Each structure stands twice: as structure tokens, then as C-alpha cells.
Amino acid sequence: MFLFFLQSTRHNSEDSASICVEERISTIKSFCVFRAREIWPSCLQEVASTMQEMVLEEGTTVTKRGQPGQDMYWIMSGSCACVLDDEEIDHLTIGRCFGEVTVVELCKRLLSGESFDMASKECLRMADIRTLERCHLLKLSYLDMLPLIRRIPNLWSSLDEMSRINIGKVELKRQKDRYQKSLELMDVEERVDALMASPCVVSRNVDPSCLKTIAKKLQVCAIPEGDLVISQGKFGDNMYWVVSGTFSCSVDGVEIDTLTRGQCFGEMTMIKLCRLRKSGVPESEIRSKCMRAADVRAVEKSVVLKLSYADALYLMRTAPNLWCSLEDISKQRSTRMERLSTVVE
């Protein structure tokens, strides 16, 4: 009887494990890294059997930049943030993997004959990965990956390709940061020159000393090609002047304007925001009323001067002529938007 119980327990355990693996196979075969290249069902079963499941609570740091990495992960449920220098550079959701950069590099070095101690010192995490909610992950270690390289070359090729893409993302972020730091060195006179090219400065006599004071408060920002600076229907509390480059302004996907050096954008919500806050309107009501009227996207690599809401209040007091010009531009654009909406209707 006892022997029968042991056999029954073993069979039930094996059945449960089989079901667990089948569920994993059903899940992982929909993940992009497994769909990128053909992988045989038997190979999928081998990978699924090798993976370890883990559940992490919200706010857990899964990988930390600068630390050695020996495991990679797939997200079965939940989401994670990929963070570099306190900035989220990627949002990872179900089906995405992370940690593959260090695992791929570690495997390459070990296969080339390098010792583990030497290789692990060079294979460090490039970014922090933090859970944004409770996450169910599948983990694969470098030890499990090594034998799969020869047996499942398509999976290895997909991981290698994904690794190179993610390295490129990190390098692009670093280049952007270096460029941003160089822009921050732009002196006040250069900022004043950019403002002097603006129609809102030319249209009224703005005192040069006022421009210089304002220029000190403006933040210089590098905008990569294709970036959406302001988004239609979203709350906005900054405005911008174009220093260099070109921006496309569109409403409901239809381009209505092209913005170049000296031109500004975002002033409509900025002016409305200042007025409403000055009159004591509740913050919740303000946010619902100060929505962007259009999308503004960088057509090429560009540079802008950003004015925050707090500094805009200062602008109202110190440079009333410039503020009046911005109000004129805002009224003209608002009228144009109303005409466009009438035509659409």
C-alpha cells in the first residue's frame, strides 16, 4: 500500500512538472526572441525545462548597473523599468527579456577559453532593472545557456542580435548625455542670440538686459530626430524656442506648420496655465484645461531653449513686452486652430 502511495505521488509530481513545462512552452513561444527565428518544438521544451520561475514584488531591483551578471530573464507577467543614470530608457512588459547582454558576452568569453573569473569581471550589467509591479519571471543562467548555444543556434543568434540592439540603445543614451552636457555650456550670449531671432522679440522692443536675465533661466535641451516634444491632448507646463533644427507641428496627424530657428511653441498652454493659477483656479481643473492643442515632433536633430512655468511667471513681471508678444502669437494660433476645427467639422 505504501509502495503504491509512493508511486502515485511520483506520477502526480511528474504530471504536474509536465503541465508546468507545457504551460511555459505555450507562453514562451509567443515571445519575440523565440519568434524571430524558427525553433523546433523539442528545443522549446528543452529551454522551458531549464528555466527557473521566480516571483518578485513591486520595487525590486533585479539587476544593478556595474554588477556582474550571470542570469537573464523573461517577463511572464508584470512590467519592469530599465534605468540608466536615474532615467528610464526602456519599459519592459510581458514577453520582453533582459540581462541577455551580460549572459551573451560571458558565454562568448568562456567559449573562447577565457577563465570565468576573468570573464565575469568584464561582463557587468549596463543598467538597473526594477520591477514596476509584482512580476512573474523566467530565469536562465549562463550555465544553462552554454549547452544550448550549439543545440539551438537560432535562439543564440536571436539573443546575440537582441544584445547588440540593446548595447546600441545604451550607447545612444550616453551620446545624448554627452551632447546635452556640451549644450549646457552654451553661454548666455548664445541664448540671447537665439531669442533675438524670435518674432516675439522682434515684434516689440524687448530690453536686451531683460533678455539676458531670461536667457539665464532657460534650459538648453538636445532633441533627437523623431522625438515628440509635446503631445496633443496631454497636459503641458513648458514652452520652447528653437535654437537649431526643424520641428513639425501637426493636429490629428495633419501637419499645419514647420518651426525653425527663433520660433516658439508650447506658449498656448503656458499662457493659459499662468492665467488660471494666478486667478486661483483649483489644480485639478487647471490640468484638465491646459491640454496641448497639437503634436510637435523633431524632424531632425535639434536644440531648444525650454522655459518652465515657474520662470514664465518671472517673465510676466520682468519682460511684459515679450509676454505680450507671446500672447499675440498664442491668440493667432488659437484662432487658426478654431478655423481648422470648423473646417474638419
# chains A, B, ... in the order shown; residues from 1 in each chain; ligands from 1
>>> residues_around(residues="Arg287 in chain A", least_positions_apart="6", cutoff="12 Å", atoms="only C-alpha atoms", output="list in words")
Gly233, Lys234, Phe235, Gly236, Asp237, Thr269, Met270, Lys272, Leu273, Cys274, Leu276, Arg277 and Val281 of chain A
>>> select_by_dssp(residues="range 134-308 of chain A", states="alpha helix (DSSP H)", output="number ranges by chain")
A: 142-151, 153-183, 188-196, 199-202, 208-217, 267-278, 283-289
>>> closest_residue(among="A:Ile39, A:Leu138, A:Val303, A:Ile230", to="Ile152 in chain A", atoms="only C-alpha atoms")
A:Ile39
>>> select_by_dssp(residues="range 178-314 of chain A", states="strand (DSSP E or B)", output="PDB file with N, CA, C and O atoms, in the first residue's frame")
ATOM      1  N   GLN A 219      16.567  76.491 -20.071  1.00  0.00           N
ATOM      2  CA  GLN A 219      17.323  75.226 -20.105  1.00  0.00           C
ATOM      3  C   GLN A 219      17.563  74.815 -21.557  1.00  0.00           C
ATOM      4  O   GLN A 219      16.634  74.782 -22.356  1.00  0.00           O
ATOM      5  N   VAL A 220      18.820  74.521 -21.873  1.00  0.00           N
ATOM      6  CA  VAL A 220      19.174  74.081 -23.222  1.00  0.00           C
ATOM      7  C   VAL A 220      18.944  72.575 -23.314  1.00  0.00           C
ATOM      8  O   VAL A 220      19.443  71.816 -22.488  1.00  0.00           O
ATOM      9  N   CYS A 221      18.187  72.152 -24.306  1.00  0.00           N
ATOM     10  CA  CYS A 221      17.847  70.729 -24.446  1.00  0.00           C
ATOM     11  C   CYS A 221      18.149  70.223 -25.853  1.00  0.00           C
ATOM     12  O   CYS A 221      17.800  70.875 -26.838  1.00  0.00           O
ATOM     13  N   ALA A 222      18.780  69.072 -25.917  1.00  0.00           N
ATOM     14  CA  ALA A 222      19.017  68.403 -27.201  1.00  0.00           C
ATOM     15  C   ALA A 222      17.835  67.484 -27.487  1.00  0.00           C
ATOM     16  O   ALA A 222      17.429  66.698 -26.631  1.00  0.00           O
ATOM     17  N   ILE A 223      17.282  67.579 -28.685  1.00  0.00           N
ATOM     18  CA  ILE A 223      16.127  66.756 -29.075  1.00  0.00           C
ATOM     19  C   ILE A 223      16.518  65.860 -30.252  1.00  0.00           C
ATOM     20  O   ILE A 223      16.819  66.352 -31.346  1.00  0.00           O
ATOM     21  N   LEU A 228       9.002  63.255 -29.926  1.00  0.00           N
ATOM     22  CA  LEU A 228       7.797  64.053 -29.748  1.00  0.00           C
ATOM     23  C   LEU A 228       8.000  64.921 -28.510  1.00  0.00           C
ATOM     24  O   LEU A 228       8.065  64.417 -27.392  1.00  0.00           O
ATOM     25  N   VAL A 229       8.105  66.232 -28.718  1.00  0.00           N
ATOM     26  CA  VAL A 229       8.388  67.145 -27.606  1.00  0.00           C
ATOM     27  C   VAL A 229       7.114  67.474 -26.839  1.00  0.00           C
ATOM     28  O   VAL A 229       7.087  67.473 -25.613  1.00  0.00           O
ATOM     29  N   ILE A 230       6.062  67.807 -27.559  1.00  0.00           N
ATOM     30  CA  ILE A 230       4.759  67.994 -26.910  1.00  0.00           C
ATOM     31  C   ILE A 230       3.740  67.135 -27.644  1.00  0.00           C
ATOM     32  O   ILE A 230       3.833  66.924 -28.848  1.00  0.00           O
ATOM     33  N   PHE A 235      -1.314  67.230 -20.863  1.00  0.00           N
ATOM     34  CA  PHE A 235      -1.052  68.431 -20.069  1.00  0.00           C
ATOM     35  C   PHE A 235       0.357  68.948 -20.354  1.00  0.00           C
ATOM     36  O   PHE A 235       1.293  68.168 -20.551  1.00  0.00           O
ATOM     37  N   ASN A 238       5.507  73.619 -20.017  1.00  0.00           N
ATOM     38  CA  ASN A 238       6.744  74.208 -20.532  1.00  0.00           C
ATOM     39  C   ASN A 238       6.484  74.791 -21.918  1.00  0.00           C
ATOM     40  O   ASN A 238       5.597  74.337 -22.630  1.00  0.00           O
ATOM     41  N   MET A 239       7.306  75.767 -22.307  1.00  0.00           N
ATOM     42  CA  MET A 239       7.294  76.239 -23.692  1.00  0.00           C
ATOM     43  C   MET A 239       8.737  76.252 -24.201  1.00  0.00           C
ATOM     44  O   MET A 239       9.683  76.162 -23.403  1.00  0.00           O
ATOM     45  N   TYR A 240       8.904  76.376 -25.510  1.00  0.00           N
ATOM     46  CA  TYR A 240      10.222  76.188 -26.113  1.00  0.00           C
ATOM     47  C   TYR A 240      10.490  77.206 -27.221  1.00  0.00           C
ATOM     48  O   TYR A 240       9.578  77.631 -27.923  1.00  0.00           O
ATOM     49  N   TRP A 241      11.781  77.568 -27.374  1.00  0.00           N
ATOM     50  CA  TRP A 241      12.265  78.303 -28.526  1.00  0.00           C
ATOM     51  C   TRP A 241      13.250  77.420 -29.287  1.00  0.00           C
ATOM     52  O   TRP A 241      14.072  76.733 -28.675  1.00  0.00           O
ATOM     53  N   VAL A 242      13.147  77.427 -30.599  1.00  0.00           N
ATOM     54  CA  VAL A 242      14.039  76.613 -31.416  1.00  0.00           C
ATOM     55  C   VAL A 242      15.372  77.342 -31.598  1.00  0.00           C
ATOM     56  O   VAL A 242      15.406  78.479 -32.081  1.00  0.00           O
ATOM     57  N   VAL A 243      16.464  76.690 -31.216  1.00  0.00           N
ATOM     58  CA  VAL A 243      17.816  77.235 -31.415  1.00  0.00           C
ATOM     59  C   VAL A 243      18.366  76.755 -32.750  1.00  0.00           C
ATOM     60  O   VAL A 243      18.909  77.511 -33.541  1.00  0.00           O
ATOM     61  N   SER A 244      18.183  75.463 -33.003  1.00  0.00           N
ATOM     62  CA  SER A 244      18.615  74.881 -34.283  1.00  0.00           C
ATOM     63  C   SER A 244      17.762  73.665 -34.595  1.00  0.00           C
ATOM     64  O   SER A 244      17.156  73.069 -33.705  1.00  0.00           O
ATOM     65  N   PHE A 247      11.167  71.484 -36.584  1.00  0.00           N
ATOM     66  CA  PHE A 247      10.087  70.748 -35.922  1.00  0.00           C
ATOM     67  C   PHE A 247       8.830  70.793 -36.793  1.00  0.00           C
ATOM     68  O   PHE A 247       8.572  71.787 -37.468  1.00  0.00           O
ATOM     69  N   SER A 248       8.074  69.710 -36.727  1.00  0.00           N
ATOM     70  CA  SER A 248       6.807  69.633 -37.439  1.00  0.00           C
ATOM     71  C   SER A 248       5.676  69.745 -36.428  1.00  0.00           C
ATOM     72  O   SER A 248       5.658  69.029 -35.422  1.00  0.00           O
ATOM     73  N   CYS A 249       4.727  70.649 -36.712  1.00  0.00           N
ATOM     74  CA  CYS A 249       3.559  70.823 -35.844  1.00  0.00           C
ATOM     75  C   CYS A 249       2.354  70.224 -36.562  1.00  0.00           C
ATOM     76  O   CYS A 249       2.060  70.605 -37.701  1.00  0.00           O
ATOM     77  N   SER A 250       1.671  69.292 -35.915  1.00  0.00           N
ATOM     78  CA  SER A 250       0.537  68.629 -36.567  1.00  0.00           C
ATOM     79  C   SER A 250      -0.642  68.487 -35.614  1.00  0.00           C
ATOM     80  O   SER A 250      -0.468  68.378 -34.396  1.00  0.00           O
ATOM     81  N   VAL A 251      -1.829  68.491 -36.190  1.00  0.00           N
ATOM     82  CA  VAL A 251      -3.070  68.310 -35.438  1.00  0.00           C
ATOM     83  C   VAL A 251      -3.815  67.118 -36.018  1.00  0.00           C
ATOM     84  O   VAL A 251      -4.066  67.072 -37.230  1.00  0.00           O
ATOM     85  N   VAL A 254      -2.271  65.693 -39.093  1.00  0.00           N
ATOM     86  CA  VAL A 254      -2.111  66.540 -40.290  1.00  0.00           C
ATOM     87  C   VAL A 254      -1.158  67.685 -39.964  1.00  0.00           C
ATOM     88  O   VAL A 254      -1.402  68.458 -39.026  1.00  0.00           O
ATOM     89  N   GLU A 255      -0.080  67.795 -40.721  1.00  0.00           N
ATOM     90  CA  GLU A 255       0.904  68.849 -40.465  1.00  0.00           C
ATOM     91  C   GLU A 255       0.312  70.216 -40.804  1.00  0.00           C
ATOM     92  O   GLU A 255      -0.243  70.416 -41.886  1.00  0.00           O
ATOM     93  N   ILE A 256       0.446  71.161 -39.860  1.00  0.00           N
ATOM     94  CA  ILE A 256      -0.095  72.506 -40.095  1.00  0.00           C
ATOM     95  C   ILE A 256       0.991  73.577 -40.080  1.00  0.00           C
ATOM     96  O   ILE A 256       0.750  74.713 -40.470  1.00  0.00           O
ATOM     97  N   ASP A 257       2.204  73.221 -39.608  1.00  0.00           N
ATOM     98  CA  ASP A 257       3.261  74.231 -39.538  1.00  0.00           C
ATOM     99  C   ASP A 257       4.620  73.562 -39.429  1.00  0.00           C
ATOM    100  O   ASP A 257       4.733  72.419 -38.962  1.00  0.00           O
ATOM    101  N   THR A 258       5.658  74.298 -39.864  1.00  0.00           N
ATOM    102  CA  THR A 258       7.042  73.872 -39.697  1.00  0.00           C
ATOM    103  C   THR A 258       7.757  74.960 -38.901  1.00  0.00           C
ATOM    104  O   THR A 258       7.680  76.143 -39.243  1.00  0.00           O
ATOM    105  N   LEU A 259       8.434  74.566 -37.851  1.00  0.00           N
ATOM    106  CA  LEU A 259       9.070  75.518 -36.941  1.00  0.00           C
ATOM    107  C   LEU A 259      10.589  75.426 -37.044  1.00  0.00           C
ATOM    108  O   LEU A 259      11.149  74.330 -36.980  1.00  0.00           O
ATOM    109  N   CYS A 264       8.807  79.754 -31.588  1.00  0.00           N
ATOM    110  CA  CYS A 264       8.491  79.131 -30.305  1.00  0.00           C
ATOM    111  C   CYS A 264       7.285  78.210 -30.449  1.00  0.00           C
ATOM    112  O   CYS A 264       6.541  78.287 -31.420  1.00  0.00           O
ATOM    113  N   PHE A 265       7.106  77.361 -29.467  1.00  0.00           N
ATOM    114  CA  PHE A 265       5.912  76.508 -29.410  1.00  0.00           C
ATOM    115  C   PHE A 265       5.646  76.130 -27.954  1.00  0.00           C
ATOM    116  O   PHE A 265       6.541  76.187 -27.115  1.00  0.00           O
ATOM    117  N   MET A 291      -4.432  71.538 -21.910  1.00  0.00           N
ATOM    118  CA  MET A 291      -4.004  70.421 -22.748  1.00  0.00           C
ATOM    119  C   MET A 291      -3.380  70.939 -24.047  1.00  0.00           C
ATOM    120  O   MET A 291      -3.845  71.934 -24.603  1.00  0.00           O
ATOM    121  N   ASP A 295       0.608  68.163 -31.784  1.00  0.00           N
ATOM    122  CA  ASP A 295       1.870  67.432 -31.610  1.00  0.00           C
ATOM    123  C   ASP A 295       2.991  68.265 -32.209  1.00  0.00           C
ATOM    124  O   ASP A 295       2.818  68.862 -33.277  1.00  0.00           O
ATOM    125  N   VAL A 296       4.142  68.295 -31.543  1.00  0.00           N
ATOM    126  CA  VAL A 296       5.332  68.928 -32.122  1.00  0.00           C
ATOM    127  C   VAL A 296       6.464  67.914 -32.048  1.00  0.00           C
ATOM    128  O   VAL A 296       6.841  67.473 -30.964  1.00  0.00           O
ATOM    129  N   ARG A 297       6.979  67.534 -33.232  1.00  0.00           N
ATOM    130  CA  ARG A 297       7.995  66.490 -33.328  1.00  0.00           C
ATOM    131  C   ARG A 297       9.239  67.013 -34.056  1.00  0.00           C
ATOM    132  O   ARG A 297       9.120  67.784 -35.022  1.00  0.00           O
ATOM    133  N   ALA A 298      10.403  66.583 -33.586  1.00  0.00           N
ATOM    134  CA  ALA A 298      11.659  66.988 -34.219  1.00  0.00           C
ATOM    135  C   ALA A 298      11.828  66.275 -35.555  1.00  0.00           C
ATOM    136  O   ALA A 298      11.797  65.044 -35.615  1.00  0.00           O
ATOM    137  N   SER A 302      17.824  68.411 -33.128  1.00  0.00           N
ATOM    138  CA  SER A 302      17.565  69.830 -32.878  1.00  0.00           C
ATOM    139  C   SER A 302      17.965  70.237 -31.461  1.00  0.00           C
ATOM    140  O   SER A 302      18.215  69.396 -30.600  1.00  0.00           O
ATOM    141  N   VAL A 303      17.979  71.554 -31.251  1.00  0.00           N
ATOM    142  CA  VAL A 303      18.265  72.121 -29.933  1.00  0.00           C
ATOM    143  C   VAL A 303      17.199  73.161 -29.626  1.00  0.00           C
ATOM    144  O   VAL A 303      16.832  73.964 -30.495  1.00  0.00           O
ATOM    145  N   VAL A 304      16.683  73.133 -28.400  1.00  0.00           N
ATOM    146  CA  VAL A 304      15.668  74.108 -27.991  1.00  0.00           C
ATOM    147  C   VAL A 304      16.060  74.751 -26.663  1.00  0.00           C
ATOM    148  O   VAL A 304      16.880  74.215 -25.909  1.00  0.00           O
ATOM    149  N   LEU A 305      15.454  75.898 -26.393  1.00  0.00           N
ATOM    150  CA  LEU A 305      15.537  76.537 -25.082  1.00  0.00           C
ATOM    151  C   LEU A 305      14.189  76.328 -24.402  1.00  0.00           C
ATOM    152  O   LEU A 305      13.151  76.689 -24.953  1.00  0.00           O
ATOM    153  N   LYS A 306      14.208  75.716 -23.220  1.00  0.00           N
ATOM    154  CA  LYS A 306      12.961  75.384 -22.525  1.00  0.00           C
ATOM    155  C   LYS A 306      12.699  76.363 -21.390  1.00  0.00           C
ATOM    156  O   LYS A 306      13.584  76.643 -20.580  1.00  0.00           O
ATOM    157  N   LEU A 307      11.485  76.887 -21.345  1.00  0.00           N
ATOM    158  CA  LEU A 307      11.057  77.789 -20.276  1.00  0.00           C
ATOM    159  C   LEU A 307      10.016  77.080 -19.420  1.00  0.00           C
ATOM    160  O   LEU A 307       8.987  76.635 -19.925  1.00  0.00           O
ATOM    161  N   SER A 308      10.294  76.959 -18.128  1.00  0.00           N
ATOM    162  CA  SER A 308       9.358  76.294 -17.217  1.00  0.00           C
ATOM    163  C   SER A 308       8.271  77.256 -16.761  1.00  0.00           C
ATOM    164  O   SER A 308       8.406  78.478 -16.894  1.00  0.00           O
TER     165      SER A 308
END
>>> closest_residue(among="A:Ser115, A:Ser77, A:Asn166, A:Ser325", to="Met54 in chain A", atoms="only C-alpha atoms")
A:Ser77
>>> residues_around(residues="Asp71 in chain A", least_positions_apart="5", cutoff="7 Å", atoms="only C-alpha atoms", output="PyMOL selection string")
chain A and resi 99+103+139-142
>>> residues_around(residues="range 34-37 of chain A", least_positions_apart="4", cutoff="9 Å", atoms="only C-alpha atoms", output="list in words")
Ile28, Lys29, Ser30, Leu44, Asn154, Leu155, Ser157 and Ser158 of chain A
>>> atom_distance(atom1="CA of Glu338 in chain A", atom2="CA of Arg292 in chain A")
13.9 Å
>>> atom_distance(atom1="CA of Leu137 in chain A", atom2="CA of Gln52 in chain A")
8.2 Å
>>> closest_residue(among="A:Ser26, A:Gln45, A:Gln263, A:Glu57", to="Cys200 in chain A", atoms="only C-alpha atoms")
A:Gln263
>>> closest_residue(among="A:Met196, A:Leu56, A:Ile25, A:Ala81", to="Ser42 in chain A", atoms="only C-alpha atoms")
A:Ile25
>>> closest_residue(among="A:Ser209, A:Val47, A:Glu100, A:Glu53", to="Ile165 in chain A", atoms="only C-alpha atoms")
A:Glu100
>>> residues_around(residues="Met316 in chain A", least_positions_apart="4", cutoff="12 Å", atoms="only C-alpha atoms", output="NGL selection string")
:A and (210 or 214 or 270-271 or 274-275 or 278 or 309-312 or 320-327)
>>> atom_distance(atom1="CA of Ala194 in chain A", atom2="CA of Gly262 in chain A")
5.9 Å
